[in-house]
Amino acid sequence: MEAEKAFNDGKVAELFANTRVYSDGLSKDHKQSLISWLVAVTTLTIYTGWMHILLGLMLGSFFSRSCLYLLLAIWATTWLPAKPVLWSAFCSSWVFKTWREYFSFSYLNEAELELGKRYIFVEVPHGVFPLSEILAGTNCQAIWPHWKVYSLAASSVFGVPLWRHFLTWIGCVPATSANFKKMLAKGSVAVVVGGIAEMYMQHPHKERIMLANRKGFVRVAVEQGLDGGIVPVYHFGNTQVFDFWPQSLSAVARKRRAAYGFLVGWWGTPVPRKVPLFQVSGRPIPVPKVDKNDTMKFNQTVDEVHAQVVAELQAMYNRHRASYSAAWAERPLVIE
């Protein structure tokens with residue numbers, strides 16, 4: 001009822017501003033049932049370890065016709081239309097609720113957001129796998145199904161069966177400038193700016209994100225104009241879900257815009273580690289609309305807005321890191 005009232009009032013965080021809320025009406029001390037845990041672990045492992053499964057089927061197809069036929073059937077799904085973009089019923093499914101339970105997903109909004117306005121959500125860190133960002137999107141649709149928040153993902157993943165449809169149904173489109181502007185015309189857009197580069201930036205003692213020179217999202221915002229603004233979002237714990245190996249393939253991966261390596265989770269498997277995930281959304285940063293033909297003013301505005309985003313993200317991280325975990329009070333954020 002509270003979420004419904006917030007929606008009718010046209011505000012996202014009116015009732016919960018600056019209050020940490022655990023998703024789906026759960027609490028910090030909630031214990032997940034065995035059935036829910038089994039469903040979460042099984043489906044999460046299939047999704048996050050999907051490339052491992054495809055590789056296994058590919059190798060198995062040399063020795064087994066069953067593996068070959070199954071592999072061909074899976075790849076045949078790439079010919080099916082990837083629609084609809086942002087399927088609310090899919091995002092609200094019980095399976096995603098088990099995922100949020102598994103990670104004790106919680107969120108905090110520092111400011112009210114108006115549903116009628118357009119925002120760009122700048123989400124970090126990508127980590128090895130942007131699981132917290134996915135949970136945030138499904139949680140948003142579960143509470144406010146009529147609020148359209150789309151997202152962008154690397155074009156390469158849309159050539160992978162299962163992932164192609166999964167990402168489309170949760171509102172993702174290939175990360176191109178044209179798609180960014182198209183989705184922004186329809187609603188708000190979430191951008192995980194670190195992308196593939198951050199898969200190779202894991203560190204045991206500090207958080208590292210790729211943002212210092214990434215201004216493409218700001219250029220689109222300034223060119224198009226936003227009545228809502230840019231909202232910095234930090235996902236505490238996302239870098240702890242997986243490690244990625246080998247790190248030596250970073251240069252090749254970034255050049256080809258595709259990740260090469262293996263997910264390392266629980267006991268060295270692609271099973272995600274069960275760590276709490278905490279999403280903090282900061283205060284919207286105003287974005288003026290500037291004519292792109294006025295090159296000097298346009299570039300100056302882009303630099304100014306980008307500097308505000310970086311500064312606010314750093315400050316927001318410092319404000320909330322200790323509330324995520326006492327150990328994180330000494331864990332710095334390095335913006336590269």
# chains A, B, ... in the order shown; residues from 1 in each chain; ligands from 1
call {"tool": "residues_around", "arguments": {"residues": "A:Leu167", "least_positions_apart": "6", "cutoff": "10 Å", "atoms": "only C-alpha atoms", "output": "CSV table (one decimal) with C-alpha atoms, in the first residue's frame"}}
result
chain,number,residue,atom,x,y,z
A,82,ALA,CA,13.6,-10.4,-28.8
A,85,VAL,CA,11.6,-4.5,-24.4
A,86,LEU,CA,10.9,-4.3,-20.6
A,134,ILE,CA,19.7,-6.4,-12.5
A,151,SER,CA,19.0,0.1,-19.7
A,152,LEU,CA,21.9,-0.4,-22.0
A,153,ALA,CA,24.2,-3.4,-22.4
A,157,VAL,CA,25.7,-10.1,-25.3
A,158,PHE,CA,22.7,-9.8,-27.6
A,173,VAL,CA,19.0,-2.7,-25.6
A,174,PRO,CA,22.4,-2.7,-27.3
call {"tool": "residues_around", "arguments": {"residues": "A:Ser177", "least_positions_apart": "5", "cutoff": "10 Å", "atoms": "only C-alpha atoms", "output": "list of chain:residue names"}}
result
A:Leu152, A:Lys182, A:Gly216, A:Phe217, A:Arg219, A:Val220
call {"tool": "write_last_selection", "arguments": {"atoms": "C-alpha atoms", "output": "short mmCIF file (atom, residue, chain, number, x, y, z; two decimals), in the first residue's frame"}}
result
data_model
loop_
_atom_site.label_atom_id
_atom_site.label_comp_id
_atom_site.auth_asym_id
_atom_site.auth_seq_id
_atom_site.Cartn_x
_atom_site.Cartn_y
_atom_site.Cartn_z
CA LEU A 152 21.94 -0.40 -22.05
CA LYS A 182 15.57 6.33 -28.51
CA GLY A 216 29.33 9.63 -23.35
CA PHE A 217 26.24 9.45 -21.10
CA ARG A 219 27.02 14.16 -23.79
CA VAL A 220 23.70 12.46 -24.56
#
call {"tool": "residues_around", "arguments": {"residues": "stretch 116-129 of chain A", "least_positions_apart": "3", "cutoff": "6 Å", "atoms": "only C-alpha atoms", "output": "list of chain:residue names"}}
result
A:Gly187, A:Ser188, A:Val189, A:Ala190, A:Val191, A:Val192, A:Gly194, A:Gly195, A:Glu198, A:Met199, A:Ile209, A:Asp227, A:Gly228, A:Gly229, A:Ile230, A:Val231, A:Pro232, A:Val233, A:Tyr234, A:Thr239, A:Phe242
call {"tool": "residues_around", "arguments": {"residues": "stretch 19-22 of chain A", "least_positions_apart": "4", "cutoff": "8 Å", "atoms": "only C-alpha atoms", "output": "list in words"}}
result
Leu26, Ser27, Lys28, Ser104, Phe105, Ser106, Tyr107, Leu108 and Asn109 of chain A
call {"tool": "closest_residue", "arguments": {"among": "A:Ala197, A:Phe244, A:Val264, A:Ala315", "to": "A:Leu211", "atoms": "only C-alpha atoms"}}
result
A:Ala197
call {"tool": "closest_residue", "arguments": {"among": "A:Phe298, A:Tyr150, A:Trp37, A:Tyr47", "to": "A:Arg100", "atoms": "only C-alpha atoms"}}
result
A:Trp37
call {"tool": "select_by_dssp", "arguments": {"residues": "stretch 43-285 of chain A", "states": "strand (DSSP E or B)", "output": "ChimeraX atom specification"}}
result
/A:106-109,114,119-124,149-153,172-174,188-192,207-209,226-236,243-245,262-264,278-281,285
call {"tool": "write_last_selection", "arguments": {"atoms": "N, CA and C atoms", "output": "compact mmCIF listing (two decimals), in the first residue's frame"}}
result
# COMPACT_ATOMS: atom_id res chain seq x y z
N SER A 106 18.83 -4.70 -0.62
CA SER A 106 18.24 -3.53 0.03
C SER A 106 18.59 -2.29 -0.77
N TYR A 107 17.86 -1.22 -0.51
CA TYR A 107 18.09 0.01 -1.26
C TYR A 107 17.79 1.23 -0.41
N LEU A 108 18.41 2.34 -0.80
CA LEU A 108 18.20 3.61 -0.12
C LEU A 108 18.21 4.71 -1.16
N ASN A 109 17.20 5.57 -1.10
CA ASN A 109 17.11 6.73 -2.00
C ASN A 109 17.36 8.00 -1.21
N GLU A 114 10.54 12.12 -9.26
CA GLU A 114 9.20 12.25 -9.82
C GLU A 114 9.04 11.31 -11.01
N TYR A 119 15.14 10.49 -16.22
CA TYR A 119 16.42 10.49 -15.54
C TYR A 119 17.40 9.57 -16.28
N ILE A 120 18.68 9.83 -16.09
CA ILE A 120 19.71 8.87 -16.47
C ILE A 120 20.33 8.39 -15.16
N PHE A 121 20.24 7.08 -14.91
CA PHE A 121 20.82 6.50 -13.71
C PHE A 121 22.21 5.97 -14.05
N VAL A 122 23.22 6.54 -13.45
CA VAL A 122 24.61 6.14 -13.69
C VAL A 122 24.98 5.13 -12.61
N GLU A 123 25.01 3.85 -12.98
CA GLU A 123 25.16 2.78 -12.00
C GLU A 123 26.58 2.21 -12.00
N VAL A 124 27.14 2.09 -10.82
CA VAL A 124 28.46 1.49 -10.62
C VAL A 124 28.42 0.70 -9.32
N VAL A 149 11.92 2.31 -16.90
CA VAL A 149 13.35 2.56 -16.78
C VAL A 149 14.07 1.52 -17.64
N TYR A 150 14.62 1.96 -18.75
CA TYR A 150 15.32 1.07 -19.67
C TYR A 150 16.80 1.04 -19.31
N SER A 151 17.55 0.21 -20.01
CA SER A 151 18.99 0.13 -19.74
C SER A 151 19.75 -0.26 -20.99
N LEU A 152 21.07 -0.10 -20.92
CA LEU A 152 21.94 -0.40 -22.05
C LEU A 152 22.92 -1.50 -21.65
N ALA A 153 23.26 -2.36 -22.62
CA ALA A 153 24.23 -3.43 -22.37
C ALA A 153 25.10 -3.59 -23.61
N CYS A 172 16.72 -4.05 -21.47
CA CYS A 172 18.03 -3.70 -22.04
C CYS A 172 17.98 -3.66 -23.57
N VAL A 173 18.76 -2.76 -24.13
CA VAL A 173 18.99 -2.69 -25.57
C VAL A 173 20.49 -2.53 -25.80
N PRO A 174 20.98 -2.85 -27.00
CA PRO A 174 22.42 -2.67 -27.27
C PRO A 174 22.88 -1.24 -27.02
N SER A 188 13.10 6.82 -18.68
CA SER A 188 14.42 6.96 -18.06
C SER A 188 15.33 5.83 -18.52
N VAL A 189 16.64 6.03 -18.37
CA VAL A 189 17.62 5.03 -18.82
C VAL A 189 18.69 4.83 -17.75
N ALA A 190 19.00 3.55 -17.49
CA ALA A 190 20.08 3.21 -16.57
C ALA A 190 21.30 2.79 -17.38
N VAL A 191 22.47 3.30 -16.99
CA VAL A 191 23.71 3.01 -17.70
C VAL A 191 24.75 2.50 -16.71
N VAL A 192 25.27 1.30 -16.96
CA VAL A 192 26.36 0.76 -16.14
C VAL A 192 27.65 1.14 -16.86
N GLU A 207 37.67 -0.43 -3.83
CA GLU A 207 36.72 -0.43 -4.93
C GLU A 207 37.32 0.38 -6.08
N ARG A 208 37.28 -0.16 -7.28
CA ARG A 208 37.81 0.54 -8.45
C ARG A 208 36.72 0.61 -9.52
N ILE A 209 36.46 1.82 -10.02
CA ILE A 209 35.47 1.96 -11.09
C ILE A 209 36.07 2.80 -12.22
N LEU A 226 17.42 16.91 -19.94
CA LEU A 226 16.72 16.05 -18.98
C LEU A 226 15.96 16.91 -17.99
N ASP A 227 14.67 16.65 -17.85
CA ASP A 227 13.91 17.40 -16.86
C ASP A 227 14.12 16.84 -15.46
N GLY A 228 14.62 15.58 -15.38
CA GLY A 228 14.87 14.99 -14.07
C GLY A 228 16.31 15.13 -13.62
N GLY A 229 17.25 14.80 -14.50
CA GLY A 229 18.67 14.93 -14.19
C GLY A 229 19.38 13.59 -14.20
N ILE A 230 20.64 13.62 -13.83
CA ILE A 230 21.46 12.40 -13.74
C ILE A 230 21.53 11.96 -12.28
N VAL A 231 21.22 10.69 -12.04
CA VAL A 231 21.22 10.16 -10.67
C VAL A 231 22.37 9.17 -10.50
N PRO A 232 23.36 9.48 -9.65
CA PRO A 232 24.44 8.51 -9.39
C PRO A 232 23.92 7.39 -8.50
N VAL A 233 24.30 6.16 -8.83
CA VAL A 233 23.85 4.99 -8.07
C VAL A 233 25.05 4.10 -7.77
N TYR A 234 25.20 3.73 -6.50
CA TYR A 234 26.29 2.81 -6.13
C TYR A 234 25.70 1.52 -5.59
N HIS A 235 26.26 0.40 -6.06
CA HIS A 235 25.81 -0.93 -5.64
C HIS A 235 26.88 -1.57 -4.75
N PHE A 236 26.71 -1.41 -3.45
CA PHE A 236 27.66 -1.96 -2.49
C PHE A 236 27.56 -3.48 -2.48
N ASP A 243 34.85 -13.30 -8.76
CA ASP A 243 36.15 -12.90 -9.29
C ASP A 243 36.17 -13.33 -10.75
N PHE A 244 37.16 -12.84 -11.49
CA PHE A 244 37.24 -13.16 -12.92
C PHE A 244 38.66 -13.58 -13.26
N TRP A 245 38.78 -14.65 -14.02
CA TRP A 245 40.09 -15.20 -14.33
C TRP A 245 40.13 -15.64 -15.78
N PHE A 262 36.70 -16.67 -17.08
CA PHE A 262 35.79 -17.53 -16.33
C PHE A 262 35.37 -16.86 -15.03
N LEU A 263 34.09 -17.00 -14.72
CA LEU A 263 33.58 -16.51 -13.44
C LEU A 263 34.04 -17.43 -12.33
N VAL A 264 34.48 -16.82 -11.24
CA VAL A 264 34.92 -17.59 -10.08
C VAL A 264 34.10 -17.13 -8.88
N PHE A 278 23.51 -3.83 -1.63
CA PHE A 278 22.89 -2.61 -1.12
C PHE A 278 23.01 -1.51 -2.18
N GLN A 279 21.88 -1.08 -2.69
CA GLN A 279 21.85 -0.04 -3.72
C GLN A 279 21.53 1.32 -3.10
N VAL A 280 22.39 2.29 -3.38
CA VAL A 280 22.14 3.66 -2.91
C VAL A 280 22.00 4.58 -4.12
N SER A 281 20.88 5.28 -4.20
CA SER A 281 20.64 6.24 -5.28
C SER A 281 20.78 7.65 -4.71
N ILE A 285 21.33 15.25 -10.36
CA ILE A 285 22.19 16.37 -10.77
C ILE A 285 21.54 17.03 -11.99
call {"tool": "closest_residue", "arguments": {"among": "A:Val290, A:Ile170, A:Ser33, A:Asn238", "to": "A:Gly225", "atoms": "only C-alpha atoms"}}
result
A:Val290
call {"tool": "residues_around", "arguments": {"residues": "A:Gly237", "least_positions_apart": "6", "cutoff": "9 Å", "atoms": "only C-alpha atoms", "output": "list of chain:residue names"}}
result
A:Ser132, A:Val275, A:Pro276, A:Leu277, A:Phe278, A:Gln279, A:Tyr324
call {"tool": "residues_around", "arguments": {"residues": "A:Leu57", "least_positions_apart": "4", "cutoff": "9 Å", "atoms": "only C-alpha atoms", "output": "PyMOL selection string"}}
result
chain A and resi 52-53+61-62+67-68+70-71
call {"tool": "write_last_selection", "arguments": {"atoms": "N, CA and C atoms", "output": "compact mmCIF listing (two decimals), in the first residue's frame"}}
result
# COMPACT_ATOMS: atom_id res chain seq x y z
N HIS A 52 29.62 -20.87 -19.61
CA HIS A 52 30.28 -22.12 -19.24
C HIS A 52 29.46 -23.31 -19.75
N ILE A 53 28.12 -23.19 -19.62
CA ILE A 53 27.24 -24.27 -20.07
C ILE A 53 27.32 -24.44 -21.57
N SER A 61 29.33 -31.82 -27.86
CA SER A 61 28.73 -32.12 -29.17
C SER A 61 29.68 -32.92 -30.07
N PHE A 62 30.98 -32.92 -29.76
CA PHE A 62 31.92 -33.70 -30.53
C PHE A 62 31.80 -35.20 -30.22
N CYS A 67 23.99 -33.75 -27.18
CA CYS A 67 24.56 -32.43 -26.89
C CYS A 67 24.50 -31.54 -28.13
N LEU A 68 24.79 -32.13 -29.29
CA LEU A 68 24.76 -31.36 -30.53
C LEU A 68 23.37 -30.84 -30.83
N LEU A 70 20.86 -30.42 -28.74
CA LEU A 70 20.46 -29.44 -27.72
C LEU A 70 21.13 -28.10 -27.99
N LEU A 71 22.41 -28.13 -28.37
CA LEU A 71 23.13 -26.89 -28.67
C LEU A 71 22.52 -26.18 -29.86
call {"tool": "closest_residue", "arguments": {"among": "A:Ile196, A:Leu44, A:Ala327, A:Ala111", "to": "A:Ala259", "atoms": "only C-alpha atoms"}}
result
A:Ile196
call {"tool": "closest_residue", "arguments": {"among": "A:Asp24, A:Gly159, A:Gln202, A:Arg164", "to": "A:Thr138", "atoms": "only C-alpha atoms"}}
result
A:Asp24
call {"tool": "residues_around", "arguments": {"residues": "A:Gln32", "least_positions_apart": "6", "cutoff": "12 Å", "atoms": "only C-alpha atoms", "output": "list in words"}}
result
Leu26, Leu38, Val39, Ala40, Val41, Lys97, Thr98, Trp99, Arg100, Glu101, Tyr102, Phe103, Ser104 and Lys274 of chain A
